[in-house]
file coords.csv (CSV, C-alpha atoms)
chain,number,residue,atom,x,y,z
A,88,MET,CA,44.8,93.3,142.2
A,89,TYR,CA,48.6,93.6,142.0
A,90,PRO,CA,50.5,90.5,140.8
A,91,SER,CA,51.3,88.4,143.9
A,92,ARG,CA,55.0,89.0,143.6
A,93,ILE,CA,54.4,92.8,143.9
A,94,GLN,CA,51.7,92.4,146.6
A,95,ASN,CA,54.0,90.2,148.7
A,96,LEU,CA,56.7,92.8,148.6
A,97,ILE,CA,54.3,95.6,149.4
A,98,ASN,CA,53.3,93.6,152.5
A,99,GLU,CA,56.9,93.2,153.5
A,100,PHE,CA,57.7,96.9,153.1
A,101,SER,CA,54.5,97.7,155.1
A,102,ARG,CA,56.0,96.0,158.1
A,103,PHE,CA,59.1,98.3,158.0
A,104,PRO,CA,59.0,100.9,160.8
A,105,THR,CA,57.0,104.1,160.0
A,106,ILE,CA,55.9,102.6,156.6
A,107,GLY,CA,52.2,102.1,155.6
A,108,PRO,CA,50.8,100.4,152.5
A,109,LYS,CA,50.8,103.6,150.5
A,110,THR,CA,54.5,104.3,151.0
A,111,ALA,CA,55.2,100.6,150.5
A,112,GLU,CA,53.5,100.9,147.1
A,113,ARG,CA,55.7,104.0,146.3
A,114,PHE,CA,58.8,101.9,147.2
A,115,ILE,CA,57.7,99.3,144.6
A,116,PHE,CA,57.3,101.9,141.8
A,117,TYR,CA,60.7,103.4,142.8
A,118,LEU,CA,62.3,100.0,142.6
A,119,LEU,CA,60.6,99.1,139.3
A,120,LYS,CA,62.4,102.0,137.7
A,121,LYS,CA,65.8,100.8,138.8
A,122,SER,CA,68.1,98.7,136.5
A,123,PRO,CA,68.3,94.9,137.1
A,124,GLN,CA,71.9,95.6,138.2
A,125,ASP,CA,70.8,98.0,140.9
A,126,LEU,CA,68.1,95.7,142.1
A,127,GLU,CA,70.6,92.9,142.3
A,128,ARG,CA,73.0,95.1,144.3
A,129,LEU,CA,70.3,96.2,146.8
A,130,SER,CA,69.2,92.6,147.1
A,131,GLU,CA,72.8,91.4,147.9
A,132,MET,CA,73.2,94.2,150.5
A,133,ILE,CA,70.1,93.1,152.3
A,134,LYS,CA,71.1,89.5,152.2
A,135,ASN,CA,74.6,90.3,153.5
A,136,LEU,CA,73.1,92.0,156.7
A,137,LYS,CA,72.9,88.5,158.1
A,138,THR,CA,76.7,88.3,158.2
A,139,ILE,CA,77.1,91.5,160.2
A,140,SER,CA,79.0,90.7,163.4
A,141,PHE,CA,79.0,92.4,166.8
A,142,CYS,CA,81.8,93.4,169.2
A,143,PRO,CA,82.1,90.6,171.9
A,144,GLN,CA,83.0,93.3,174.5
A,145,CYS,CA,80.4,96.1,174.0
A,146,GLY,CA,77.9,94.8,171.5
A,147,ASN,CA,78.5,97.4,168.8
A,148,PHE,CA,78.7,96.5,165.1
A,149,ALA,CA,82.2,95.1,164.3
A,150,GLU,CA,83.8,94.4,160.9
A,151,SER,CA,86.2,91.9,162.5
A,152,ASN,CA,86.5,90.9,166.2
A,153,ARG,CA,86.3,93.9,168.5
A,154,CYS,CA,84.7,97.1,167.4
A,155,THR,CA,86.7,100.2,166.4
A,156,ILE,CA,85.8,101.9,169.6
A,157,CYS,CA,86.9,99.1,171.9
A,158,VAL,CA,90.3,98.7,170.2
A,159,ASP,CA,91.0,102.4,170.3
A,160,LYS,CA,93.6,102.7,173.1
A,161,ARG,CA,93.4,106.5,173.1
A,162,ARG,CA,89.8,106.3,174.5
A,163,ASP,CA,89.2,106.5,178.2
A,164,GLN,CA,89.1,102.8,179.3
A,165,THR,CA,87.8,103.7,182.7
A,166,THR,CA,84.4,105.1,181.7
A,167,ILE,CA,81.5,103.0,180.2
A,168,CYS,CA,78.5,104.6,178.7
A,169,VAL,CA,75.5,102.2,178.9
A,170,VAL,CA,73.0,102.5,176.0
A,171,ALA,CA,70.1,100.5,174.8
A,172,GLU,CA,70.9,100.1,171.1
A,173,PRO,CA,73.8,100.7,168.7
A,174,GLN,CA,72.0,103.7,167.2
A,175,ASP,CA,72.2,105.4,170.6
A,176,LEU,CA,75.9,104.9,170.5
A,177,MET,CA,76.1,106.4,167.1
A,178,ALA,CA,74.1,109.5,168.3
A,179,ILE,CA,76.5,110.0,171.2
A,180,GLU,CA,79.5,109.5,168.9
A,181,LYS,CA,78.3,112.3,166.6
A,182,THR,CA,78.5,114.8,169.4
A,183,ASN,CA,82.3,114.2,169.7
A,184,ASP,CA,81.8,115.0,173.4
A,185,TYR,CA,82.5,111.5,174.7
A,186,ARG,CA,85.8,109.7,174.6
A,187,GLY,CA,85.1,106.6,176.8
A,188,LEU,CA,83.8,103.2,176.0
A,189,TYR,CA,80.2,101.9,175.5
A,190,HIS,CA,78.1,99.0,176.6
A,191,ILE,CA,75.0,98.1,174.5
A,192,LEU,CA,72.2,96.4,176.6
A,193,GLY,CA,70.4,95.2,173.5
A,194,GLY,CA,67.1,96.8,174.5
A,195,VAL,CA,65.4,98.0,177.7
A,196,ILE,CA,63.2,96.4,180.3
A,197,ASN,CA,59.7,96.2,178.8
A,198,ALA,CA,57.3,93.9,180.8
A,199,PRO,CA,54.4,94.1,178.3
A,200,GLN,CA,56.7,92.9,175.6
A,201,GLY,CA,58.1,90.2,177.8
A,202,LEU,CA,61.6,91.8,177.9
A,203,GLY,CA,63.1,91.4,181.4
A,204,PRO,CA,66.6,92.1,182.7
A,205,GLU,CA,67.7,88.6,181.8
A,206,GLN,CA,67.3,89.3,178.1
A,207,LEU,CA,69.7,92.3,178.3
A,208,GLN,CA,73.5,92.3,178.4
A,209,ILE,CA,73.6,93.2,182.1
A,210,ASN,CA,75.7,90.3,183.4
A,211,GLN,CA,78.2,91.1,180.7
A,212,LEU,CA,78.3,94.7,181.9
A,213,LEU,CA,78.9,93.6,185.5
A,214,ALA,CA,81.7,91.3,184.4
A,215,ARG,CA,83.3,94.1,182.4
A,216,ILE,CA,83.2,96.4,185.4
A,217,LYS,CA,84.7,93.8,187.7
A,218,LYS,CA,87.4,92.9,185.3
A,219,ASN,CA,88.5,96.3,184.2
A,220,ASN,CA,89.4,99.3,186.3
A,221,VAL,CA,86.1,101.2,185.6
A,222,ARG,CA,85.6,104.5,187.4
A,223,GLU,CA,82.3,105.8,186.0
A,224,ILE,CA,79.2,104.4,184.5
A,225,ILE,CA,77.1,106.8,182.5
A,226,LEU,CA,73.5,105.5,182.1
A,227,ALA,CA,72.4,107.0,178.7
A,228,LEU,CA,68.9,105.6,178.3
A,229,ASN,CA,65.9,107.2,176.8
A,230,PRO,CA,63.9,109.4,179.3
A,231,ASP,CA,60.7,107.3,178.9
A,232,LEU,CA,59.0,104.7,180.9
A,233,GLU,CA,61.1,101.8,179.7
A,234,GLY,CA,64.3,103.7,179.9
A,235,GLU,CA,63.6,104.9,183.4
A,236,THR,CA,62.7,101.4,184.6
A,237,THR,CA,65.9,100.0,183.2
A,238,LEU,CA,67.9,102.9,184.7
A,239,LEU,CA,66.4,102.4,188.1
A,240,TYR,CA,67.0,98.6,187.9
A,241,LEU,CA,70.7,99.2,187.0
A,242,ILE,CA,71.2,101.8,189.7
A,243,ASN,CA,69.7,99.5,192.3
A,244,LEU,CA,71.9,96.6,191.1
A,245,LEU,CA,75.1,98.6,191.2
A,246,LYS,CA,74.4,100.4,194.5
A,247,SER,CA,73.4,97.2,196.3
A,248,ASN,CA,76.6,95.5,195.5
A,249,PRO,CA,79.6,96.5,197.7
A,250,THR,CA,82.0,95.5,194.8
A,251,PHE,CA,80.8,98.5,192.9
A,252,SER,CA,80.6,101.0,195.8
A,253,TRP,CA,83.6,103.0,194.5
A,254,ILE,CA,82.1,103.6,191.0
A,255,LYS,CA,80.6,106.9,190.1
A,256,ILE,CA,77.2,106.4,188.4
A,257,SER,CA,75.7,109.2,186.3
A,258,ARG,CA,72.7,109.7,184.0
A,259,LEU,CA,72.2,112.2,181.1
A,260,ALA,CA,71.0,115.6,182.1
A,261,ARG,CA,67.3,116.3,181.9
A,262,GLY,CA,65.9,119.7,180.9
A,263,LEU,CA,64.7,121.7,178.0
A,264,PRO,CA,66.0,120.7,174.5
A,265,MET,CA,67.7,123.3,172.4
A,266,GLY,CA,65.2,125.2,170.2
A,267,SER,CA,62.2,124.3,172.3
A,268,ASP,CA,59.5,126.7,173.5
A,269,LEU,CA,58.7,127.0,177.2
A,270,GLU,CA,55.1,127.5,176.3
A,271,TYR,CA,54.9,124.1,174.6
A,272,ALA,CA,57.2,122.1,176.8
A,273,ASP,CA,55.5,119.2,178.6
A,274,GLU,CA,55.1,119.4,182.3
A,275,ILE,CA,57.6,116.8,183.3
A,276,THR,CA,60.3,118.4,181.1
A,277,LEU,CA,59.6,121.9,182.5
A,278,SER,CA,59.4,120.5,186.0
A,279,ASN,CA,62.9,118.9,185.5
A,280,ALA,CA,64.2,122.2,184.0
A,281,ILE,CA,63.2,124.1,187.1
A,282,LYS,CA,64.3,121.5,189.7
A,283,ARG,CA,67.6,120.9,187.9
A,284,ARG,CA,68.2,124.6,187.0
A,285,GLU,CA,71.9,125.5,186.4
A,286,ILE,CA,73.3,128.0,188.8
A,287,ILE,CA,75.3,130.7,186.9
B,126,MET,CA,81.0,105.4,161.9
B,127,TYR,CA,78.8,102.5,160.8
B,128,PRO,CA,80.6,99.6,159.1
B,129,SER,CA,80.6,100.3,155.4
B,130,ARG,CA,78.1,97.5,154.6
B,131,ILE,CA,75.6,99.1,156.9
B,132,GLN,CA,76.3,102.7,155.8
B,133,ASN,CA,75.9,101.7,152.1
B,134,LEU,CA,72.5,100.2,152.8
B,135,ILE,CA,71.5,103.3,154.8
B,136,ASN,CA,72.5,105.4,151.8
B,137,GLU,CA,70.4,103.1,149.5
B,138,PHE,CA,67.3,103.3,151.7
B,139,SER,CA,67.7,107.1,152.0
B,140,ARG,CA,67.0,107.4,148.3
B,141,PHE,CA,63.7,105.6,148.7
B,142,PRO,CA,60.7,108.0,148.3
B,143,THR,CA,59.8,109.9,151.5
B,144,ILE,CA,62.8,108.3,153.4
B,145,GLY,CA,65.5,110.3,155.1
B,146,PRO,CA,68.7,109.1,156.8
B,147,LYS,CA,67.0,108.6,160.2
B,148,THR,CA,64.3,106.4,158.9
B,149,ALA,CA,66.8,104.5,156.7
B,150,GLU,CA,68.7,103.8,159.9
B,151,ARG,CA,65.6,102.5,161.6
B,152,PHE,CA,65.1,100.2,158.6
B,153,ILE,CA,68.6,98.7,159.2
B,154,PHE,CA,67.8,98.0,162.9
B,155,TYR,CA,64.5,96.5,161.9
B,156,LEU,CA,66.2,94.2,159.4
B,157,LEU,CA,69.0,93.3,161.7
B,158,LYS,CA,66.4,91.7,164.0
B,159,LYS,CA,65.1,89.5,161.2
B,160,SER,CA,66.2,85.9,160.8
B,161,PRO,CA,68.7,85.0,158.0
B,162,GLN,CA,65.8,83.2,156.3
B,163,ASP,CA,63.6,86.3,156.3
B,164,LEU,CA,66.5,88.5,155.0
B,165,GLU,CA,67.1,86.0,152.2
B,166,ARG,CA,63.4,86.0,151.3
B,167,LEU,CA,63.2,89.8,151.2
B,168,SER,CA,66.4,89.9,149.2
B,169,GLU,CA,65.0,87.4,146.6
B,170,MET,CA,61.7,89.3,146.3
B,171,ILE,CA,63.6,92.5,145.5
B,172,LYS,CA,65.8,90.8,143.0
B,173,ASN,CA,62.8,89.2,141.3
B,174,LEU,CA,61.2,92.6,140.6
B,175,LYS,CA,63.4,92.8,137.5
B,176,THR,CA,61.4,89.9,136.0
B,177,ILE,CA,58.0,91.7,136.4
B,178,SER,CA,56.4,91.9,133.0
B,179,PHE,CA,54.0,94.5,131.6
B,180,CYS,CA,50.8,94.1,129.5
B,181,PRO,CA,51.7,94.8,125.8
B,182,GLN,CA,48.3,96.4,125.3
B,183,CYS,CA,47.8,98.7,128.2
B,184,GLY,CA,51.1,98.8,130.1
B,185,ASN,CA,49.7,97.3,133.4
B,186,PHE,CA,51.6,94.7,135.4
B,187,ALA,CA,51.1,91.3,133.9
B,188,GLU,CA,51.9,87.8,135.2
B,189,SER,CA,51.9,86.3,131.8
B,190,ASN,CA,51.2,88.0,128.4
B,191,ARG,CA,48.2,90.4,128.6
B,192,CYS,CA,47.0,91.7,132.0
B,193,THR,CA,44.0,90.4,133.8
B,194,ILE,CA,42.0,93.5,132.9
B,195,CYS,CA,42.7,93.3,129.1
B,196,VAL,CA,41.8,89.6,128.9
B,197,ASP,CA,38.6,90.0,130.9
B,198,LYS,CA,35.9,89.9,128.1
B,199,ARG,CA,33.2,91.0,130.5
B,200,ARG,CA,34.8,94.5,130.7
B,201,ASP,CA,33.6,97.2,128.4
B,202,GLN,CA,36.0,97.1,125.5
B,203,THR,CA,34.8,100.4,124.0
B,204,THR,CA,36.0,102.6,126.8
B,205,ILE,CA,39.6,103.4,127.6
B,206,CYS,CA,40.7,105.2,130.8
B,207,VAL,CA,44.1,106.9,130.3
B,208,VAL,CA,46.3,107.1,133.4
B,209,ALA,CA,49.9,108.1,134.0
B,210,GLU,CA,51.1,105.2,136.1
B,211,PRO,CA,49.9,101.7,137.2
B,212,GLN,CA,49.2,102.9,140.7
B,213,ASP,CA,46.5,105.2,139.2
B,214,LEU,CA,44.9,102.2,137.6
B,215,MET,CA,44.9,100.4,141.0
B,216,ALA,CA,43.3,103.4,142.7
B,217,ILE,CA,40.5,103.5,140.1
B,218,GLU,CA,40.0,99.7,140.3
B,219,LYS,CA,39.5,100.0,144.1
B,220,THR,CA,36.4,102.2,143.5
B,221,ASN,CA,34.7,99.3,141.7
B,222,ASP,CA,33.0,102.0,139.6
B,223,TYR,CA,34.8,101.5,136.3
B,224,ARG,CA,34.4,98.5,134.1
B,225,GLY,CA,36.3,99.6,130.9
B,226,LEU,CA,39.9,99.1,129.9
B,227,TYR,CA,43.0,101.2,130.7
B,228,HIS,CA,45.9,102.7,129.0
B,229,ILE,CA,49.0,103.6,131.0
B,230,LEU,CA,51.1,106.5,129.6
B,231,GLY,CA,54.1,105.7,131.7
B,232,GLY,CA,54.3,109.2,133.1
B,233,VAL,CA,53.2,112.8,132.2
B,234,ILE,CA,54.7,115.6,130.2
B,235,ASN,CA,57.3,117.3,132.4
B,236,ALA,CA,59.6,119.7,130.4
B,237,PRO,CA,62.0,120.5,133.3
B,238,GLN,CA,62.6,116.8,133.8
B,239,GLY,CA,63.0,116.3,130.0
B,240,LEU,CA,59.9,114.2,129.7
B,241,GLY,CA,58.1,115.0,126.4
B,242,PRO,CA,55.1,113.3,124.6
B,243,GLU,CA,57.5,111.1,122.7
B,244,GLN,CA,58.5,109.4,126.0
B,245,LEU,CA,54.9,108.5,126.8
B,246,GLN,CA,52.8,105.6,125.3
B,247,ILE,CA,50.8,108.0,123.2
B,248,ASN,CA,51.3,106.4,119.7
B,249,GLN,CA,50.3,103.1,121.2
B,250,LEU,CA,47.1,104.7,122.5
B,251,LEU,CA,46.3,106.2,119.1
B,252,ALA,CA,46.9,102.8,117.5
B,253,ARG,CA,44.6,101.1,120.0
B,254,ILE,CA,41.8,103.6,119.3
B,255,LYS,CA,42.1,103.2,115.6
B,256,LYS,CA,42.3,99.4,115.7
B,257,ASN,CA,39.4,98.9,118.2
B,258,ASN,CA,35.9,100.2,118.2
B,259,VAL,CA,36.6,102.7,121.0
B,260,ARG,CA,33.7,105.1,122.0
B,261,GLU,CA,35.0,107.0,125.0
B,262,ILE,CA,38.4,108.1,126.3
B,263,ILE,CA,38.5,109.1,129.9
B,264,LEU,CA,41.5,111.2,130.7
B,265,ALA,CA,42.3,110.4,134.4
B,266,LEU,CA,45.4,112.4,135.1
B,267,ASN,CA,46.3,114.2,138.3
B,268,PRO,CA,44.9,117.7,138.5
B,269,ASP,CA,48.3,119.4,138.7
B,270,LEU,CA,50.5,121.3,136.3
B,271,GLU,CA,52.0,118.2,134.6
B,272,GLY,CA,48.7,116.4,134.5
B,273,GLU,CA,46.9,119.3,133.0
B,274,THR,CA,49.6,119.9,130.4
B,275,THR,CA,49.4,116.2,129.3
B,276,LEU,CA,45.6,116.3,129.3
B,277,LEU,CA,45.5,119.4,127.1
B,278,TYR,CA,48.1,117.8,124.8
B,279,LEU,CA,46.0,114.7,124.4
B,280,ILE,CA,42.7,116.6,123.9
B,281,ASN,CA,44.4,118.7,121.2
B,282,LEU,CA,45.8,115.6,119.5
B,283,LEU,CA,42.5,113.8,119.5
B,284,LYS,CA,40.3,116.7,118.5
B,285,SER,CA,42.6,117.8,115.7
B,286,ASN,CA,42.5,114.4,114.0
B,287,PRO,CA,39.2,113.7,112.0
B,288,THR,CA,39.8,110.0,112.5
B,289,PHE,CA,38.9,110.5,116.2
B,290,SER,CA,36.1,113.0,115.8
B,291,TRP,CA,33.4,110.5,116.8
B,292,ILE,CA,35.0,109.6,120.1
B,293,LYS,CA,33.7,111.0,123.4
B,294,ILE,CA,36.5,112.5,125.5
B,295,SER,CA,36.0,113.1,129.2
B,296,ARG,CA,38.0,114.0,132.2
B,297,LEU,CA,37.6,113.3,135.9
B,298,ALA,CA,35.3,115.7,137.8
B,299,ARG,CA,36.9,118.6,139.6
B,300,GLY,CA,35.5,119.9,142.9
B,301,LEU,CA,35.7,119.5,146.6
B,302,PRO,CA,37.0,116.2,147.9
B,303,MET,CA,34.9,114.3,150.5
B,304,GLY,CA,35.5,115.3,154.1
B,305,SER,CA,37.1,118.7,153.1
B,306,ASP,CA,36.3,122.0,154.7
B,307,LEU,CA,35.2,124.9,152.5
B,308,GLU,CA,37.1,127.3,154.7
B,309,TYR,CA,40.4,125.6,154.0
B,310,ALA,CA,39.9,124.6,150.3
B,311,ASP,CA,42.4,126.2,148.0
B,312,GLU,CA,41.0,128.9,145.6
B,313,ILE,CA,41.2,126.8,142.4
B,314,THR,CA,39.4,123.9,144.0
B,315,LEU,CA,36.7,126.1,145.4
B,316,SER,CA,36.4,128.1,142.1
B,317,ASN,CA,36.0,124.7,140.3
B,318,ALA,CA,33.4,123.6,142.8
B,319,ILE,CA,31.3,126.8,142.1
B,320,LYS,CA,31.8,126.8,138.3
B,321,ARG,CA,31.0,123.1,137.9
B,322,ARG,CA,28.3,123.0,140.6
B,323,GLU,CA,25.8,120.2,140.2
B,324,ILE,CA,22.2,121.1,139.6
B,325,ILE,CA,19.9,119.2,141.8
call {"tool": "encode", "arguments": {"input": "coords.csv", "output": "structure tokens"}}
result
Amino acid sequence: MYPSRIQNLINEFSRFPTIGPKTAERFIFYLLKKSPQDLERLSEMIKNLKTISFCPQCGNFAESNRCTICVDKRRDQTTICVVAEPQDLMAIEKTNDYRGLYHILGGVINAPQGLGPEQLQINQLLARIKKNNVREIILALNPDLEGETTLLYLINLLKSNPTFSWIKISRLARGLPMGSDLEYADEITLSNAIKRREII
Amino acid sequence: MYPSRIQNLINEFSRFPTIGPKTAERFIFYLLKKSPQDLERLSEMIKNLKTISFCPQCGNFAESNRCTICVDKRRDQTTICVVAEPQDLMAIEKTNDYRGLYHILGGVINAPQGLGPEQLQINQLLARIKKNNVREIILALNPDLEGETTLLYLINLLKSNPTFSWIKISRLARGLPMGSDLEYADEITLSNAIKRREII
């Protein structure tokens, strides 16, 4: 029904996360109201994503060689926070509560999707720990099936190797999120909140 | 925190309809996983939107001169369905219940947004009616404040001009939508459903 050029772009937008065909259509009508200059600019920005580079040390986005976090000598070089994706790093940075370095795994172990440990930046993490004087590894993975699997895999790997025996390993606290309602909390969350209750 | 190239694109996507900064971020991570070829292709498709042309008769999208609906001689040339935007035309076409022509106003009257009748394709509609042997005008506008305002404006314009006195004017039926629940229907909808009840 739509001209093919429009239908093809609707199909493309429909593959974007959270977007269905109706919203994809709305995107088209939004874009059709833009000036040719604006369309050209957006088009260039998308094309230029392919030239984005990543930090060779931690895997974060980088404008030049190492990322702004890795080159910042004021940050605690002895602590590495392990996250799955760059957006997790961004979320932690926004808290302003962490001043160490990061390591981005590039995903989590997900057997159904064929993602095993060998696809993640785990060897690079071990090499970093060996090379630098790392004192603590914070495992900051999502508290879901894949995150837990990856976490247990990493704990096992680190604990079983005598080279890493002197390193403190920690994980993010589990409990009730702020603003939540006991009544509607899921059982595992509530169970964690009780088991890990804070003594005051 | 993000490199400026990424942050700028997040800002662009945040202006897309229904999209907030979090979903815009997810778009970036989705796009970063695409191949340079795929990014290039998407980029080209967006750029090419500026060359989309519109039917000089009805305002629908057109690959060449007139749109596929206006050139289809099997369609009833004596009935014009007036809609606000091309997506409304698409929605009606999907029903397969209408075989006449269309006229796209290019919006609705919206005083707060500075959209008056002169910004809409109303003169073109009157010219079409005069020129062709039109027998019915179906006003297919959204049943909301702006749609009703535009509808009343058009009815008044057509009824007050003797040239159009022989034309049947209709509007889409108002009542309960399929799958709705009487209990949760809003008062205006339910009131319409009672007042316009169908005698069986």
call {"tool": "interface_residues", "arguments": {"input": "coords.csv", "of": "chain A", "to": "chain B", "cutoff": "6 Å", "atoms": "only C-alpha atoms", "output": "list in words"}}
result
Pro123, Leu126, Glu127, Ser130, Ile133, Lys134 and Lys137 of chain A
call {"tool": "atom_distance", "arguments": {"input": "coords.csv", "atom1": "CA of Gln249 in chain B", "atom2": "CA of Asp222 in chain B"}}
result
25.3 Å
call {"tool": "atom_distance", "arguments": {"input": "coords.csv", "atom1": "CA of Thr276 in chain A", "atom2": "CA of Arg186 in chain A"}}
result
27.7 Å
call {"tool": "closest_residue", "arguments": {"input": "coords.csv", "among": "B:Ala216, B:Gly300, B:Arg253, B:Leu276", "to": "Asn317 in chain B", "atoms": "all atoms listed in the file"}}
result
B:Gly300
call {"tool": "atom_distance", "arguments": {"input": "coords.csv", "atom1": "CA of Leu188 in chain A", "atom2": "CA of Asp175 in chain A"}}
result
13.0 Å
call {"tool": "residues_around", "arguments": {"input": "coords.csv", "residues": "Arg162 in chain A", "least_positions_apart": "3", "cutoff": "10 Å", "atoms": "all atoms listed in the file", "output": "ChimeraX atom specification"}}
result
/A:156-159,165-166,185-188
call {"tool": "write_last_selection", "arguments": {"input": "coords.csv", "atoms": "C-alpha atoms", "output": "PDB file, in the frame of the given file"}}
result
ATOM      1  CA  ILE A 156      85.800 101.900 169.600  1.00  0.00           C
ATOM      2  CA  CYS A 157      86.900  99.100 171.900  1.00  0.00           C
ATOM      3  CA  VAL A 158      90.300  98.700 170.200  1.00  0.00           C
ATOM      4  CA  ASP A 159      91.000 102.400 170.300  1.00  0.00           C
ATOM      5  CA  THR A 165      87.800 103.700 182.700  1.00  0.00           C
ATOM      6  CA  THR A 166      84.400 105.100 181.700  1.00  0.00           C
ATOM      7  CA  TYR A 185      82.500 111.500 174.700  1.00  0.00           C
ATOM      8  CA  ARG A 186      85.800 109.700 174.600  1.00  0.00           C
ATOM      9  CA  GLY A 187      85.100 106.600 176.800  1.00  0.00           C
ATOM     10  CA  LEU A 188      83.800 103.200 176.000  1.00  0.00           C
TER      11      LEU A 188
END
call {"tool": "closest_residue", "arguments": {"input": "coords.csv", "among": "A:Lys218, A:Tyr240, A:Ile179, A:Glu223", "to": "Glu205 in chain A", "atoms": "all atoms listed in the file"}}
result
A:Tyr240
call {"tool": "closest_residue", "arguments": {"input": "coords.csv", "among": "A:Cys142, A:Pro230, A:Ile224, A:Cys168", "to": "Lys246 in chain A", "atoms": "only C-alpha atoms"}}
result
A:Ile224
call {"tool": "residues_around", "arguments": {"input": "coords.csv", "residues": "Ala280 in chain A", "least_positions_apart": "3", "cutoff": "10 Å", "atoms": "only C-alpha atoms", "output": "ChimeraX atom specification"}}
result
/A:260-264,269,274-277,283-285
call {"tool": "residues_around", "arguments": {"input": "coords.csv", "residues": "Val170 in chain A", "least_positions_apart": "4", "cutoff": "8 Å", "atoms": "only C-alpha atoms", "output": "PDB file with C-alpha atoms, in the coordinates of the input"}}
result
ATOM      1  CA  ASP A 175      72.200 105.400 170.600  1.00  0.00           C
ATOM      2  CA  LEU A 176      75.900 104.900 170.500  1.00  0.00           C
ATOM      3  CA  TYR A 189      80.200 101.900 175.500  1.00  0.00           C
ATOM      4  CA  HIS A 190      78.100  99.000 176.600  1.00  0.00           C
ATOM      5  CA  ILE A 191      75.000  98.100 174.500  1.00  0.00           C
ATOM      6  CA  LEU A 192      72.200  96.400 176.600  1.00  0.00           C
ATOM      7  CA  LEU A 226      73.500 105.500 182.100  1.00  0.00           C
ATOM      8  CA  ALA A 227      72.400 107.000 178.700  1.00  0.00           C
ATOM      9  CA  LEU A 228      68.900 105.600 178.300  1.00  0.00           C
TER      10      LEU A 228
END
call {"tool": "residues_around", "arguments": {"input": "coords.csv", "residues": "Gly203 in chain A", "least_positions_apart": "5", "cutoff": "10 Å", "atoms": "all atoms listed in the file", "output": "list in words"}}
result
Gly194, Val195, Ile196, Asn197, Ala198 and Thr237 of chain A
